[in-house]
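Asks: Got a structure for you, questions after.
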Amino acid sequence: MAAVRTSGERTTNRLAIVLVLIITMIFLAPIYWIASTAFKPRNLATTIPPTVIFTPEISPFVKLFTKRSQLRAAPTPEEYEAAPWWERLVFDGGEKVVRSGRGEVQLSGYPSRFMNSLIVAITSTVLAVGMGTFTAYGFSRFKVKGEQDLLFFILSTRMLPPVVVAIPMFLMYRAVGLNDTHLGLIILYTAFNLSFAVWLMKGFIDEIPKEYEEAALVDGYTRMQAFFKIVIPEAATGIAATAVFCFITAWNEYAFALIMTNRRAQTAPPFIPSQVGSGLPDWTVIASGTLLFLLPVAIFTFLLRNHLLRGMSFGAIRK
Amino acid sequence: MADIALQGVTKKFGANIALRDLDLDIKDGEFFVLLGQTGAGKTTTLRVIAGLEKPNSGKVILDGQDATNWNAAERDVALVLQQYSLYPRLTVRGNLEFPLKSRTHNLTAAEIKDRVDRVAETLQITRLLDRKVERLSGGEMQRVSIGRAIVRKPRVFLMDEPLSALDATLRDVLRVELKKLHSELGATFVFVTHDQVEAMSMGDKIGVLNKGRLVQVGTPSEIYAKPINTFVARSVGTPPMNLLDGTLRAGTAVLDAGGFTLPVTRIHGADGARIRFGIRPENMVLDGNGPASGRVFDVENHGVIKILTLDVNGTHLHATVSAQTKVQIDEVVPFGWRSEKVLSFDPTNGRNLDLD
């Protein structure tokens, strides 16, 4: 069938596209701001009006990844030769940043904080989604005594603002030695995300007709096999969506990370503002740290986009 | 291949009693149809046999062995449902292989392929084997799900309204195919339906369920000719049996509606006894000199036959007559019945008095 379009329709279409573009630009403006600041020379970061055209530099990133002190002389050519490549890279960048050339250059705290963020966010997401899926399946398929009350109880753990319990949690954590550990943060984030995961996954699993599993049970499979072979593939969309939400929550969490960690297990969110430091803050470094911090969520969401977009194509035979 | 027995099975869902003290015997190789309205307990009975529901009391016997505590996998039964019966995201081949790949079977890849190919051929779905199930039509899906049942060679086939979601033509085709498959396999089939035509045309035996109780078991002709009560009488036959309240007087029936006097062959009860007379529409006669009369309310032409609805002082009666019969709506026609075909029911509890 050939589509017959009137000029009126075409105009409406174009208007819609323009509108979508404008909205997208509004939403992307802060990202652009961060990205451009991350590549600006320091003196252009806070100009009024903002500088739009400039020669991009990588010095903010170099500063982000390096720590400088004036205690030692610059590396001698021998020292430079002996240094591994990544330190040399730092020296090369540092040459430009620290004009005196007398600074000692080390790797900054950022990479390890970033790594901490990854460890904590990924582990807690896997745990929350995994346990949440099992729990949701139980609630969805079996008669559980006091099901409604239990589900409400699970949800109610989200009703209290988390910061309210931060101090008691901190005291408890210190008592059992969980403060400033990966495990401590993982437990916290898993607990925090679990209620969300249970509720979300219950919705998705309720949508899967139980006839599929029953067919598998009759066909000679155990309940567990039916769960993994039938329910998990069917719930993939839901699992992906839940995982994205849990990951974002854990990745962006600031308050607990600030209170519970200070060095070893510190994540990126409390670290980045700590770089504001004394004196005039270097916004270019903050921006470059933030820009890198945005990437994992973007990549994670991008990888799961097919699952998120596919929607619910449940049911081989439609009702 | 197996025979199935349910002994005193009661199943409750909370306060709701789905099955009450149900006894059922299904012989090896029988095509047994469970007939009943929505909520009668047909599906629950099937699920109890399949091992998907545990009865609150009573026993499930498979081949003489107490299988009450066996799980679904151990019972080795196959289930075909009205819908959602195929595994999504798999191809037709994937669906047919799925039951064979479970640990209980232990088959080699070649054996699996061989069995799948043979079943596909039997059901004429070979050309669909590599298709995703989402892209099949309703009839093709049911064919595949029947295939998935037979590929395993189970002891028993359980079918829960497998044809109800299909359109009429396809339903007829598959009905015939299922019957043929049954005679080829010689296996025990338990077939659940609310459609009495399906029950009558397919079953070796029919079990009529009402509110969780098994009301009557018998061959289709027994169920049709000798219903145990008015409920069974009205559950088979289209249009359903006419029920007329009346009084016995001097060996005849005096109907409440219109006060007409009609002959009765088998007398149950004394003079003046209240009886509910049952007469099937095809045993009504419109030959011009019947003792009773009614106004033609509606005429349905079915080709070979016509179904008339007669209004007798506010009571509607159905009569099946030949298509040649010339009647007009609102015409008053005389009618009678074949007295030897009249059934008598107890009006208080609906029991068929002929069987007492």
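We name chains A, B, ... following the order of the structure tokens; residues begin at 1 in each chain, and ligands are numbered from 1 as shown.
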Please return, as a PyMOL selection string, all residues of chain B lying within 10 Å of chain A when only C-alpha atoms are considered.
Replies: chain B and resi 47+50-52+71-90+98-105+132-138+141-142+148-149+152+154+165
Asks: Which neighbours of segment 264-274 of chain B fall inside 7 Å, counting only C-alpha atoms, when residues of the same chain fewer than 6 positions from it are skipped, and could you give them as a PyMOL selection string?
Replies: chain B and resi 246-253+339-340+347+353
Asks: Mind checking which residues fall within 10 Å of Glu198 of chain B, counting only C-alpha atoms, ignoring those fewer than 2 positions away in the same chain, and posting them as a list in words?
Replies: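 Skipping anything fewer than 2 positions along the chain leaves Val33, Leu35, Glu161, Leu163, Ser164, Arg171, Asp172, Arg175, Phe191, Val192, Thr193, His194, Asp195, Gln196, Met200, Ser201, Met202 and Gly203 of chain B.
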Asks: Those residues you just picked out, can you put them in a file as a compact mmCIF listing (two decimals), in the first residue's frame with C-alpha atoms?
Replies:
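Saved as selection.txt:
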```txt
# COMPACT_ATOMS: atom_id res chain seq x y z
CA VAL B 33 -13.86 -36.44 27.57
CA LEU B 35 -17.44 -32.06 29.86
CA GLU B 161 -9.61 -27.34 25.46
CA LEU B 163 -9.36 -26.63 19.98
CA SER B 164 -11.36 -23.89 21.66
CA ARG B 171 -11.52 -27.04 14.73
CA ASP B 172 -13.34 -29.61 12.62
CA ARG B 175 -10.96 -32.83 15.67
CA PHE B 191 -9.79 -34.35 26.81
CA VAL B 192 -11.35 -31.40 28.56
CA THR B 193 -14.00 -29.31 26.85
CA HIS B 194 -17.04 -27.19 27.48
CA ASP B 195 -18.27 -27.89 23.97
CA GLN B 196 -20.80 -30.70 24.02
CA MET B 200 -20.19 -36.16 21.77
CA SER B 201 -18.24 -36.49 18.55
CA MET B 202 -14.84 -37.37 20.01
CA GLY B 203 -15.28 -39.24 23.26
```
Asks: From a DSSP pass on the backbone, collect the residues of segment 50-210 of chain B flagged as alpha helix (DSSP H) and hand them back as a PyMOL selection string.
Replies: chain B and resi 50+72-75+92-97+109-122+138-150+168-185+196-202
Asks: Would you mind writing down, as an mmCIF file with N, CA and C atoms, in the first residue's frame, each residue of segment 76-239 of chain A that DSSP on the backbone assigns to strand (DSSP E)?
Replies:
```
data_model
loop_
_atom_site.group_PDB
_atom_site.id
_atom_site.type_symbol
_atom_site.label_atom_id
_atom_site.label_comp_id
_atom_site.auth_asym_id
_atom_site.auth_seq_id
_atom_site.Cartn_x
_atom_site.Cartn_y
_atom_site.Cartn_z
ATOM 1 N N GLU A 104 57.105 16.255 41.429
ATOM 2 C CA GLU A 104 57.082 14.813 41.329
ATOM 3 C C GLU A 104 55.685 14.442 40.882
ATOM 4 N N VAL A 105 55.628 13.502 39.969
ATOM 5 C CA VAL A 105 54.333 13.173 39.402
ATOM 6 C C VAL A 105 53.998 11.727 39.709
ATOM 7 N N GLN A 106 52.819 11.529 40.302
ATOM 8 C CA GLN A 106 52.345 10.176 40.595
ATOM 9 C C GLN A 106 50.943 10.009 40.045
ATOM 10 N N LEU A 107 50.523 8.735 40.010
ATOM 11 C CA LEU A 107 49.140 8.474 39.629
ATOM 12 C C LEU A 107 48.245 9.019 40.737
#
```
